$ cat query_32.cif   # mmCIF, C-alpha atoms
data_query
#
loop_
_atom_site.label_atom_id
_atom_site.label_comp_id
_atom_site.auth_asym_id
_atom_site.auth_seq_id
_atom_site.Cartn_x
_atom_site.Cartn_y
_atom_site.Cartn_z
CA MET A 5 104.56 96.05 139.43
CA MET A 6 101.65 98.45 139.75
CA SER A 7 103.90 101.31 140.74
CA SER A 8 106.17 100.78 137.73
CA VAL A 9 103.13 100.75 135.48
CA GLY A 10 101.91 103.92 137.20
CA THR A 11 105.28 105.60 136.70
CA GLN A 12 105.23 104.55 133.10
CA GLU A 13 101.79 106.10 132.63
CA ILE A 14 102.96 109.41 134.09
CA ARG A 15 106.01 109.32 131.84
CA GLU A 16 103.89 108.73 128.73
CA SER A 17 101.51 111.56 129.68
CA ASN A 18 104.46 113.88 130.24
CA LEU A 19 106.01 112.99 126.92
CA LEU A 20 102.73 113.62 125.15
CA ASN A 21 102.14 116.93 126.94
CA ASN A 22 105.69 118.10 126.26
CA LEU A 23 105.34 117.17 122.62
CA ILE A 24 102.13 119.17 122.23
CA ASN A 25 103.57 122.13 124.16
CA ASP A 26 106.71 122.24 122.03
CA SER A 27 104.64 122.03 118.90
CA ASN A 28 102.57 125.02 120.02
CA LYS A 29 105.71 126.96 120.96
CA PHE A 30 107.28 126.12 117.62
CA SER A 31 104.20 127.20 115.64
CA ASN A 32 103.90 130.44 117.62
CA PHE A 33 107.55 131.30 117.43
CA PHE A 34 108.01 130.46 113.79
CA GLN A 35 104.96 132.35 112.66
CA LYS A 36 105.35 135.37 114.95
CA PRO A 37 109.01 135.40 116.05
CA SER A 38 109.10 139.05 117.08
CA THR A 39 106.34 139.05 119.70
CA GLU A 40 107.61 139.87 123.18
CA ASP A 41 106.62 136.57 124.78
CA ASN A 42 108.22 134.54 122.07
CA LEU A 43 111.46 136.52 122.21
CA ASP A 44 111.60 136.09 125.97
CA THR A 45 111.12 132.34 125.70
CA ALA A 46 113.75 132.07 123.01
CA SER A 47 116.33 134.25 124.73
CA SER A 48 115.98 132.30 127.96
CA PHE A 49 116.87 129.21 125.98
CA THR A 50 119.91 130.33 124.03
CA ILE A 51 123.08 132.30 124.56
CA LEU A 52 124.14 132.23 120.95
CA ASP A 53 124.55 135.17 118.62
CA LYS A 54 121.24 137.00 118.30
CA LYS A 55 120.99 136.66 114.54
CA TYR A 56 120.96 132.87 114.92
CA GLN A 57 118.68 132.83 117.92
CA ALA A 58 115.40 132.26 116.14
CA LEU A 59 116.68 129.48 113.94
CA ASP A 60 118.45 127.70 116.77
CA TYR A 61 115.45 127.87 119.01
CA ASN A 62 113.26 126.41 116.26
CA GLU A 63 115.72 123.62 115.59
CA PHE A 64 115.96 122.89 119.28
CA LEU A 65 112.17 122.62 119.57
CA VAL A 66 111.90 120.38 116.55
CA GLN A 67 114.63 118.07 117.82
CA ARG A 68 113.01 117.89 121.23
CA MET A 69 109.61 117.14 119.69
CA LEU A 70 111.02 114.30 117.62
CA MET A 71 112.94 112.95 120.60
CA ASN A 72 109.82 113.01 122.79
CA SER A 73 107.78 111.41 120.05
CA GLU A 74 110.35 108.64 119.69
CA SER A 75 110.40 108.05 123.45
CA LEU A 76 106.63 107.90 123.45
CA LEU A 77 106.73 105.37 120.62
CA ASN A 78 109.20 103.23 122.58
CA ASP A 79 106.94 103.39 125.65
CA ILE A 80 103.86 102.45 123.65
CA GLU A 81 105.79 99.54 122.14
CA LYS A 82 106.56 98.31 125.66
CA ASN A 83 103.19 98.95 127.33
CA HIS A 84 100.51 98.63 124.68
CA VAL A 85 97.32 96.72 125.36
CA LEU A 86 96.28 96.41 121.70
CA GLU A 87 98.60 95.84 118.70
CA ASP A 88 97.04 98.74 116.82
CA GLU A 89 98.26 101.20 119.45
CA VAL A 90 101.81 100.64 118.21
CA SER A 91 101.13 100.72 114.48
CA ASN A 92 98.85 103.76 114.76
CA TYR A 93 101.33 105.73 116.84
CA LEU A 94 104.13 104.75 114.46
CA GLU A 95 102.08 106.32 111.67
CA ILE A 96 101.68 109.55 113.66
CA HIS A 97 105.41 109.52 114.47
CA ASN A 98 106.35 109.09 110.81
CA ILE A 99 104.00 111.83 109.68
CA LEU A 100 105.46 114.15 112.33
CA ASN A 101 108.99 113.33 111.14
CA TYR A 102 108.00 114.07 107.57
CA ILE A 103 106.31 117.38 108.42
CA LEU A 104 109.35 118.49 110.45
CA LYS A 105 112.04 117.23 108.05
CA ASP A 106 112.90 120.79 106.99
CA VAL A 107 112.65 123.21 109.91
CA ASN A 108 112.38 126.19 107.54
CA ASN A 109 109.61 124.72 105.46
CA VAL A 110 107.01 123.32 107.81
CA ASN A 111 103.35 122.99 106.89
CA PHE A 112 101.79 124.41 110.05
CA LYS A 113 98.28 123.34 109.11
CA ALA A 114 99.49 119.75 108.86
CA LEU A 115 101.33 120.15 112.18
CA ASN A 116 98.15 121.44 113.76
CA LEU A 117 96.37 118.34 112.49
CA VAL A 118 98.98 116.18 114.25
CA ASP A 119 98.56 118.24 117.44
CA ASN A 120 94.84 117.53 117.38
CA ILE A 121 95.28 113.78 117.10
CA LEU A 122 97.88 113.91 119.90
CA GLU A 123 95.30 115.68 122.05
CA ASP A 124 92.88 112.83 121.31
CA LEU A 125 95.58 110.34 122.29
CA LYS A 126 95.47 111.71 125.84
CA ASP A 127 92.13 109.94 126.34
CA VAL A 128 93.79 106.64 125.44
CA LEU A 129 96.54 107.15 128.01
CA ILE A 130 93.95 107.92 130.70
CA ALA A 131 91.96 104.82 129.69
CA GLN A 132 95.12 102.72 129.76
CA LYS A 133 95.80 103.86 133.30
CA GLU A 134 92.29 102.75 134.26
CA TYR A 135 92.78 99.44 132.46
CA PHE A 136 95.90 98.65 134.48
CA LYS A 137 93.85 99.27 137.63
CA ASP A 138 90.59 97.47 136.84
CA ASN A 139 91.58 95.11 133.99
CA ASN A 140 88.39 96.03 132.15
CA LEU A 141 89.47 95.24 128.59
CA GLU A 142 86.07 95.90 127.03
CA ASN A 143 86.04 99.43 128.38
CA PHE A 144 89.54 100.08 127.06
CA LYS A 145 88.65 98.62 123.65
CA ASN A 146 85.64 100.96 123.40
CA ILE A 147 87.72 104.00 124.22
CA TYR A 148 90.41 102.92 121.80
CA ALA A 149 87.82 102.37 119.06
CA ASN A 150 86.68 105.94 119.57
CA PHE A 151 90.26 107.17 119.22
CA GLU A 152 90.88 104.95 116.20
CA SER A 153 87.92 106.39 114.37
CA LYS A 154 89.41 109.88 114.88
CA PHE A 155 92.82 108.52 113.84
CA LEU A 156 91.40 107.16 110.56
CA ASP A 157 89.81 110.54 109.82
CA PHE A 158 93.14 112.19 110.60
CA GLN A 159 94.95 109.89 108.17
CA GLU A 160 92.42 110.48 105.41
CA ASN A 161 92.47 114.25 105.95
CA TYR A 162 96.27 114.35 106.01
CA TYR A 163 96.88 112.33 102.84
CA THR A 164 94.03 113.98 100.96
CA ASN A 165 94.68 117.61 101.84
CA TYR A 166 98.21 118.05 103.16
CA VAL A 167 100.42 115.85 101.04
CA GLY A 168 101.76 117.16 97.77
CA ILE A 169 102.53 114.53 95.20
CA ASP A 170 106.00 115.04 93.79
CA PRO A 171 105.84 114.27 90.03
CA ASP A 172 109.44 113.07 90.23
CA TYR A 173 108.23 110.08 92.19
CA LYS A 174 105.56 108.99 89.74
CA LYS A 175 107.93 106.79 87.71
CA THR A 176 109.32 105.11 90.83
CA CYS A 177 105.83 104.62 92.26
CA VAL A 178 104.56 102.99 89.07
CA LYS A 179 107.54 100.61 89.17
CA VAL A 180 106.95 99.86 92.86
CA ALA A 181 103.30 99.31 91.98
CA ASN A 182 104.28 96.73 89.38
CA VAL A 183 106.38 94.86 91.94
CA LEU A 184 103.56 94.95 94.48
CA LYS A 185 100.95 93.70 92.07
CA ASP A 186 103.17 90.86 90.86
CA THR A 187 104.26 89.70 94.27
CA TYR A 188 101.59 90.46 96.78
CA PHE A 189 98.37 92.04 95.64
CA GLY A 190 98.15 90.62 92.15
CA ASP A 191 95.62 87.93 92.98
CA MET A 192 93.13 90.21 94.74
CA MET B 1 74.54 105.69 76.52
CA GLU B 2 75.45 102.69 78.66
CA SER B 3 75.26 102.82 82.46
CA TYR B 4 77.77 101.00 84.65
CA PHE B 5 77.33 98.95 87.80
CA PHE B 6 80.69 98.23 89.45
CA ASP B 7 81.68 95.06 91.28
CA THR B 8 83.96 95.16 94.37
CA ASN B 9 87.13 94.14 92.48
CA VAL B 10 86.69 97.13 90.16
CA ILE B 11 86.51 99.55 93.08
CA ILE B 12 89.58 97.97 94.72
CA SER B 13 91.51 98.17 91.44
CA TYR B 14 90.66 101.85 91.22
CA TYR B 15 91.87 102.56 94.78
CA PHE B 16 95.33 101.02 94.44
CA LEU B 17 97.88 102.01 91.84
CA TRP B 18 99.54 98.58 91.92
CA GLU B 19 96.41 96.72 90.83
CA PRO B 20 96.86 95.24 87.33
CA GLN B 21 93.62 96.80 86.09
CA HIS B 22 94.05 100.19 87.75
CA GLU B 23 94.43 102.23 84.55
CA ASN B 24 91.59 100.42 82.78
CA VAL B 25 89.03 100.69 85.58
CA LYS B 26 89.98 104.33 86.07
CA ARG B 27 88.57 105.02 82.61
CA PHE B 28 85.27 103.36 83.52
CA ILE B 29 84.94 105.02 86.90
CA GLU B 30 85.95 108.48 85.72
CA SER B 31 83.82 108.30 82.56
CA ASN B 32 80.78 110.53 82.09
CA ASN B 33 78.39 107.57 81.91
CA PRO B 34 75.89 107.08 84.75
CA LYS B 35 77.70 104.99 87.38
CA TYR B 36 76.35 102.82 90.17
CA TYR B 37 77.35 100.40 92.89
CA SER B 38 75.49 98.83 95.80
CA GLN B 39 75.52 98.81 99.59
CA THR B 40 77.14 95.36 99.49
CA VAL B 41 79.86 96.48 97.08
CA LYS B 42 80.52 99.64 99.09
CA GLY B 43 80.76 97.72 102.38
CA GLU B 44 82.97 95.00 100.95
CA SER B 45 85.25 97.53 99.21
CA GLU B 46 85.68 99.54 102.39
CA LYS B 47 86.54 96.46 104.43
CA LYS B 48 89.01 95.02 101.92
CA SER B 49 90.64 98.33 101.03
CA SER B 50 91.15 99.27 104.69
CA GLU B 51 92.96 95.97 105.29
CA ILE B 52 95.20 96.49 102.25
CA GLN B 53 95.90 100.13 103.15
CA LYS B 54 96.79 99.19 106.71
CA ASN B 55 99.05 96.38 105.57
CA PHE B 56 100.88 98.68 103.16
CA SER B 57 101.17 101.53 105.70
CA ASP B 58 102.46 99.18 108.41
CA PHE B 59 105.11 97.87 106.05
CA ILE B 60 106.34 101.33 105.10
CA ASN B 61 106.14 102.64 108.69
CA LEU B 62 108.25 99.79 110.03
CA LEU B 63 110.75 100.31 107.24
CA LEU B 64 111.01 104.02 108.07
CA ASN B 65 111.46 103.22 111.75
CA GLU B 66 114.25 100.77 111.02
CA LEU B 67 115.95 103.33 108.78
CA ARG B 68 115.88 105.91 111.55
CA LYS B 69 117.37 103.42 114.00
CA SER B 70 120.12 102.68 111.49
CA LYS B 71 120.81 106.37 111.10
CA LYS B 72 121.39 106.64 114.84
CA THR B 73 123.81 103.76 114.96
CA SER B 74 125.58 104.67 111.72
CA LYS B 75 129.25 105.43 112.16
CA ASN B 76 129.79 106.27 108.57
CA TYR B 77 128.52 109.84 108.15
CA GLU B 78 124.95 108.56 107.98
CA LEU B 79 125.60 106.74 104.75
CA MET B 80 124.21 103.32 104.06
CA ASN B 81 125.14 100.68 101.52
CA LYS B 82 122.61 98.60 99.67
CA SER B 83 123.22 95.34 101.50
CA SER B 84 122.69 97.03 104.90
CA PHE B 85 119.47 98.47 103.59
CA LYS B 86 118.35 95.04 102.40
CA SER B 87 119.19 93.44 105.72
CA LEU B 88 116.76 95.81 107.44
CA LEU B 89 113.89 94.07 105.76
CA THR B 90 114.53 90.72 107.39
CA ASN B 91 112.10 91.85 110.09
CA PHE B 92 109.27 92.21 107.63
CA LYS B 93 108.81 88.66 106.41
CA LYS B 94 105.20 88.57 107.49
CA PHE B 95 104.34 91.10 104.79
CA ASP B 96 105.43 88.77 102.01
CA PHE B 97 106.56 91.56 99.70
CA ASN B 98 109.26 91.04 97.16
CA GLU B 99 111.50 93.26 99.24
CA ASN B 100 114.56 93.10 97.03
CA GLN B 101 112.83 94.56 94.01
CA ILE B 102 111.28 97.32 96.07
CA ILE B 103 114.65 98.14 97.57
CA ASP B 104 116.24 98.23 94.11
CA LEU B 105 113.66 100.76 93.03
CA ILE B 106 113.99 102.96 96.10
CA TRP B 107 117.75 102.74 95.67
CA GLU B 108 117.56 103.61 92.01
CA LYS B 109 115.60 106.77 92.86
CA SER B 110 118.15 107.78 95.51
CA ASN B 111 120.76 108.54 92.92
CA GLU B 112 123.11 110.57 95.07
CA TYR B 113 125.84 108.03 95.64
CA TYR B 114 129.02 108.39 97.61
CA GLU B 115 131.27 105.38 97.20
CA ASN B 116 128.21 103.25 96.51
CA LYS B 117 126.48 104.48 99.66
CA ILE B 118 123.52 106.79 100.10
CA ASN B 119 122.60 109.27 102.79
CA ILE B 120 119.98 107.62 105.00
CA ASP B 121 117.91 110.81 105.09
CA LYS B 122 117.60 110.62 101.32
CA ILE B 123 116.39 107.01 101.52
CA ILE B 124 113.92 107.90 104.27
CA ASN B 125 112.59 110.75 102.17
CA ASN B 126 112.16 108.54 99.11
CA VAL B 127 110.31 105.86 101.06
CA GLN B 128 108.05 108.51 102.57
CA GLU B 129 107.34 110.08 99.17
CA VAL B 130 106.41 106.68 97.72
CA LYS B 131 104.04 106.14 100.66
CA ASN B 132 102.50 109.60 100.25
CA TYR B 133 101.96 108.99 96.56
CA PHE B 134 100.13 105.68 97.01
CA LEU B 135 98.02 106.84 99.91
CA GLN B 136 96.98 110.09 98.29
CA ILE B 137 95.72 108.13 95.28
CA PHE B 138 93.91 105.73 97.64
CA TYR B 139 92.10 108.42 99.64
CA LYS B 140 91.27 110.61 96.64
CA SER B 141 89.88 107.61 94.76
CA LYS B 142 87.74 106.70 97.75
CA THR B 143 86.38 110.24 97.94
CA TYR B 144 85.71 110.21 94.20
CA CYS B 145 83.66 107.01 94.47
CA ASN B 146 81.72 108.33 97.46
CA GLU B 147 80.87 111.51 95.59
CA LYS B 148 80.37 110.33 92.02
CA LEU B 149 78.93 106.83 92.19
CA ILE B 150 75.25 106.41 92.89
CA ILE B 151 74.58 103.87 95.59
CA HIS B 152 71.71 101.43 95.08
CA THR B 153 69.88 99.63 97.86
CA MET B 154 68.03 96.52 96.69
CA GLU B 155 64.24 96.89 96.97
CA LYS B 156 63.37 93.22 96.58
CA ARG B 157 65.43 90.06 96.12
CA ASP B 158 64.22 88.41 92.87
CA GLU B 159 63.62 84.83 93.99
CA GLU B 160 63.09 83.49 90.50
CA LEU B 161 66.41 84.85 89.27
CA GLU B 162 68.12 83.70 92.46
CA LYS B 163 66.89 80.16 91.90
CA ASN B 164 68.16 80.14 88.31
CA ILE B 165 71.66 81.42 88.96
CA ARG B 166 72.32 80.22 92.51
CA ASN B 167 74.68 77.44 91.40
CA LEU B 168 76.79 79.75 89.26
CA LEU B 169 77.97 82.26 91.85
CA HIS B 170 79.32 82.46 95.40
CA GLU B 171 76.87 83.80 97.99
CA LEU B 172 78.18 87.37 98.12
CA ASP B 173 78.56 87.59 94.33
CA LEU B 174 74.99 86.34 93.97
CA THR B 175 73.73 89.15 96.21
CA ILE B 176 75.72 91.74 94.24
CA PHE B 177 74.31 90.51 90.93
CA LEU B 178 70.76 90.52 92.34
CA GLU B 179 71.34 94.13 93.42
CA ALA B 180 72.39 95.09 89.87
CA HIS B 181 69.37 93.31 88.44
CA ASP B 182 67.09 95.06 90.96
CA LEU B 183 68.52 98.40 89.88
CA ALA B 184 67.89 97.73 86.17
CA LEU B 185 64.40 96.41 86.98
CA ASN B 186 63.15 99.21 89.22
CA LYS B 187 64.88 102.34 87.98
CA PRO B 188 64.55 103.93 84.54
CA ILE B 189 68.04 102.89 83.49
CA LYS B 190 68.78 101.74 79.97
CA ASN B 191 71.61 99.38 79.14
CA LEU B 192 72.97 98.68 82.60
CA CYS B 193 76.36 96.99 82.19
CA PHE B 194 77.80 94.95 85.03
CA VAL B 195 81.55 95.70 85.20
CA SER B 196 83.75 93.11 86.90
CA ALA B 197 86.93 91.07 86.60
CA ASN B 198 85.43 88.21 88.58
CA LYS B 199 85.68 84.91 86.68
CA GLY B 200 82.32 83.75 88.04
CA PHE B 201 80.54 86.59 86.26
CA ILE B 202 82.66 86.50 83.10
CA ASP B 203 82.39 82.74 82.53
CA ASN B 204 78.62 82.72 83.10
CA SER B 205 77.80 86.00 81.38
CA GLU B 206 75.38 84.51 78.81
CA VAL B 207 73.20 82.76 81.39
CA LEU B 208 73.27 85.77 83.70
CA ILE B 209 72.21 88.15 80.92
CA ASP B 210 69.46 85.84 79.63
CA ASN B 211 67.91 85.53 83.08
CA SER B 212 68.21 89.13 84.30
CA LYS B 213 67.60 92.75 83.37
CA VAL B 214 71.36 93.41 83.18
CA TYR B 215 72.23 94.44 79.61
CA LYS B 216 75.82 93.27 79.38
CA ILE B 217 78.70 91.95 81.48
CA ILE B 218 81.96 93.75 80.83
CA ASN B 219 85.29 92.19 81.74
CA SER B 220 87.06 95.24 83.16
CA GLY B 221 90.50 93.77 82.49
CA LYS B 222 89.93 92.92 78.85
CA PHE B 223 87.82 95.85 77.74
CA ILE B 224 89.53 98.04 75.16
CA PHE B 225 88.52 101.68 75.05
CA ASN B 226 88.25 103.37 71.66
#
$ encode --input "query_32.cif" --output "structure tokens"
Amino acid sequence: MMSSVGTQEIRESNLLNNLINDSNKFSNFFQKPSTEDNLDTASSFTILDKKYQALDYNEFLVQRMLMNSESLLNDIEKNHVLEDEVSNYLEIHNILNYILKDVNNVNFKALNLVDNILEDLKDVLIAQKEYFKDNNLENFKNIYANFESKFLDFQENYYTNYVGIDPDYKKTCVKVANVLKDTYFGDM
Amino acid sequence: MESYFFDTNVIISYYFLWEPQHENVKRFIESNNPKYYSQTVKGESEKKSSEIQKNFSDFINLLLNELRKSKKTSKNYELMNKSSFKSLLTNFKKFDFNENQIIDLIWEKSNEYYENKINIDKIINNVQEVKNYFLQIFYKSKTYCNEKLIIHTMEKRDEELEKNIRNLLHELDLTIFLEAHDLALNKPIKNLCFVSANKGFIDNSEVLIDNSKVYKIINSGKFIFN
């Protein structure tokens, strides 16, 4: 039992590290594709026609990031200690999907924001490993509370500064708002 | 010029687009009049609004996750029909939304049909845009209140007033009204209006005004701007 939990922890850490590494590679390559290091990395990956190399490498990185993020989400769903671990990571996962939805039009500042919160998540994985050893729930809760406070700042920063409101959606949102207020929040 | 003191329900209505009084309270809160709230109102608003925001975000996030799973298992060129989309929401009963109406609206926006089916990516994008829209309004409204409203901390609880109005209001509402009264009493503020949609304040407005330094109680839902 302990060894499977231990293996799981290593897997989660690897997924998280790979995700952050790919994000850094993607940002570097997309923003400065012609630097020697970046070209070397890309050419070792692909054997396709050179004119498509950059794009294919970017797409590959994005797909691998989203795949790793999804695997991490699945692992957190299976191994979480607190319910909020799942819902908070799902939020990060959805934001990442949204930022990367168009590989040619990525907001790198927003992606950097996600990278930072993923870095903070490493502390949670380390604490979780400790929790499975010593069963000290209070300690884990304290560490998670520290992460959650950073997560809430991340959310606020993201939606305030990195999300553009599409005026096309205003009409739909007002209609959705009317449904919500009638059915769920109306009696607040 | 009148000054405004806002109750918790006014702040919450300002934060969320779906609140029935959202547009009306927006005109109060974004007016040029001097505007106040209290520590109690701020604390209560933060607690309530965080719960609502989390509930809404969880709902949308689960929906997006289910849509992505459907995309993976789709054998039909990643197209989805409306009834499949509706069936996704069976997992979300705990949220108590009127899912069907919301789905109709999301569907209506995704107007790129192919044999009555829509590309799942398009649906995902629409759901995400709706979420972005609501949450940006929420966070920007919160920032606006933090920056533009003056926060009042009660100097002294007026025991005489408390005794006279204790039976009219719930405990927390009583504290909030005492804070507004304390503000009007101790600061050089003329015509401090207490703005709320709370029935307890509206129904007892005459007694509350007669006994306190508050100038007027304004029903935020009924007030008509000129």
$ resolve_selection --input "query_32.cif" --expression "the PyMOL selection byres ((chain A and resi 98) around 12)" --output "JSON, numbers by chain"
{"A": [70, 73, 74, 77, 91, 92, 93, 94, 95, 96, 97, 99, 100, 101, 102, 103, 104, 105, 118, 159], "B": [57, 58, 60, 61, 62, 63, 64, 65, 66, 67, 68, 124, 125, 127, 128, 129, 131, 132]}
$ atom_distance --input "query_32.cif" --atom1 "CA of Phe138 in chain B" --atom2 "CA of Ser27 in chain A"
28.9 Å
$ resolve_selection --input "query_32.cif" --expression "the PyMOL selection byres ((chain A and resi 156) around 12)" --output "VMD selection string"
(chain A and resid 88 92 to 93 95 to 96 121 149 to 155 157 to 163) or (chain B and resid 50 53 to 54 139)
$ residues_near_point --input "query_32.cif" --point "(111.1, 99.3, 128.5)" --cutoff "12 Å" --atoms "all atoms listed in the file" --output "PDB file with C-alpha atoms, keeping the file's coordinate frame"
ATOM      1  CA  SER A   8     106.170 100.780 137.730  1.00  0.00           C
ATOM      2  CA  VAL A   9     103.130 100.750 135.480  1.00  0.00           C
ATOM      3  CA  THR A  11     105.280 105.600 136.700  1.00  0.00           C
ATOM      4  CA  GLN A  12     105.230 104.550 133.100  1.00  0.00           C
ATOM      5  CA  ARG A  15     106.010 109.320 131.840  1.00  0.00           C
ATOM      6  CA  GLU A  16     103.890 108.730 128.730  1.00  0.00           C
ATOM      7  CA  SER A  75     110.400 108.050 123.450  1.00  0.00           C
ATOM      8  CA  LEU A  76     106.630 107.900 123.450  1.00  0.00           C
ATOM      9  CA  LEU A  77     106.730 105.370 120.620  1.00  0.00           C
ATOM     10  CA  ASN A  78     109.200 103.230 122.580  1.00  0.00           C
ATOM     11  CA  ASP A  79     106.940 103.390 125.650  1.00  0.00           C
ATOM     12  CA  ILE A  80     103.860 102.450 123.650  1.00  0.00           C
ATOM     13  CA  GLU A  81     105.790  99.540 122.140  1.00  0.00           C
ATOM     14  CA  LYS A  82     106.560  98.310 125.660  1.00  0.00           C
ATOM     15  CA  ASN A  83     103.190  98.950 127.330  1.00  0.00           C
ATOM     16  CA  HIS A  84     100.510  98.630 124.680  1.00  0.00           C
TER      17      HIS A  84
END
$ closest_residue --input "query_32.cif" --among "B:Lys213, B:Lys26, B:Lys142, B:Lys71" --to "chain A" --atoms "only C-alpha atoms"
B:Lys142
$ atom_distance --input "query_32.cif" --atom1 "CA of Ser13 in chain B" --atom2 "CA of Val25 in chain B"
6.8 Å
$ residues_around --input "query_32.cif" --residues "Glu30 in chain B" --least-positions-apart "4" --cutoff "10 Å" --atoms "only C-alpha atoms" --output "number ranges by chain"
B: 14, 25-26, 35, 141, 144-145, 148-149
$ closest_residue --input "query_32.cif" --among "A:Gln35, A:Lys113, A:Asp106, A:Glu13" --to "chain B" --atoms "only C-alpha atoms"
A:Asp106
$ closest_residue --input "query_32.cif" --among "B:His22, B:Lys48, B:Lys140, B:Arg166" --to "chain A" --atoms "all atoms listed in the file"
B:Lys140
$ closest_residue --input "query_32.cif" --among "B:Gly200, B:Pro188, B:Pro20, B:Gly43" --to "chain A" --atoms "all atoms listed in the file"
B:Pro20
$ closest_residue --input "query_32.cif" --among "A:Gly168, A:Asp127, A:Phe64, A:Val178" --to "Glu23 in chain B" --atoms "all atoms listed in the file"
A:Val178
$ atom_distance --input "query_32.cif" --atom1 "CA of Lys29 in chain A" --atom2 "CA of Asp121 in chain B"
25.7 Å
$ closest_residue --input "query_32.cif" --among "B:Leu169, B:Ile118, B:Ala197, B:Val207" --to "chain A" --atoms "only C-alpha atoms"
B:Ala197
$ resolve_selection --input "query_32.cif" --expression "the PyMOL selection byres ((chain B and resi 9) around 10)" --output "PyMOL selection string"
(chain A and resi 192) or (chain B and resi 6-8+10-15+19+21+25+41+44-45+48+195-198+220)
$ write_last_selection --input "query_32.cif" --atoms "C-alpha atoms" --output "PDB file, in the coordinates of the input"
ATOM      1  CA  MET A 192      93.130  90.210  94.740  1.00  0.00           C
TER       2      MET A 192
ATOM      3  CA  PHE B   6      80.690  98.230  89.450  1.00  0.00           C
ATOM      4  CA  ASP B   7      81.680  95.060  91.280  1.00  0.00           C
ATOM      5  CA  THR B   8      83.960  95.160  94.370  1.00  0.00           C
ATOM      6  CA  VAL B  10      86.690  97.130  90.160  1.00  0.00           C
ATOM      7  CA  ILE B  11      86.510  99.550  93.080  1.00  0.00           C
ATOM      8  CA  ILE B  12      89.580  97.970  94.720  1.00  0.00           C
ATOM      9  CA  SER B  13      91.510  98.170  91.440  1.00  0.00           C
ATOM     10  CA  TYR B  14      90.660 101.850  91.220  1.00  0.00           C
ATOM     11  CA  TYR B  15      91.870 102.560  94.780  1.00  0.00           C
ATOM     12  CA  GLU B  19      96.410  96.720  90.830  1.00  0.00           C
ATOM     13  CA  GLN B  21      93.620  96.800  86.090  1.00  0.00           C
ATOM     14  CA  VAL B  25      89.030 100.690  85.580  1.00  0.00           C
ATOM     15  CA  VAL B  41      79.860  96.480  97.080  1.00  0.00           C
ATOM     16  CA  GLU B  44      82.970  95.000 100.950  1.00  0.00           C
ATOM     17  CA  SER B  45      85.250  97.530  99.210  1.00  0.00           C
ATOM     18  CA  LYS B  48      89.010  95.020 101.920  1.00  0.00           C
ATOM     19  CA  VAL B 195      81.550  95.700  85.200  1.00  0.00           C
ATOM     20  CA  SER B 196      83.750  93.110  86.900  1.00  0.00           C
ATOM     21  CA  ALA B 197      86.930  91.070  86.600  1.00  0.00           C
ATOM     22  CA  ASN B 198      85.430  88.210  88.580  1.00  0.00           C
ATOM     23  CA  SER B 220      87.060  95.240  83.160  1.00  0.00           C
TER      24      SER B 220
END
$ residues_near_point --input "query_32.cif" --point "(75.8, 109.5, 78.9)" --cutoff "7 Å" --atoms "all atoms listed in the file" --output "count of residues only"
5
$ axis_aligned_box --input "query_32.cif" --around "range 28-34 of chain A" --padding-each-side "8 Å" --output "lines of an AutoDock Vina configuration file"
center_x = 105.3
center_y = 128.2
center_z = 117.4
size_x = 21.4
size_y = 22.3
size_z = 23.2
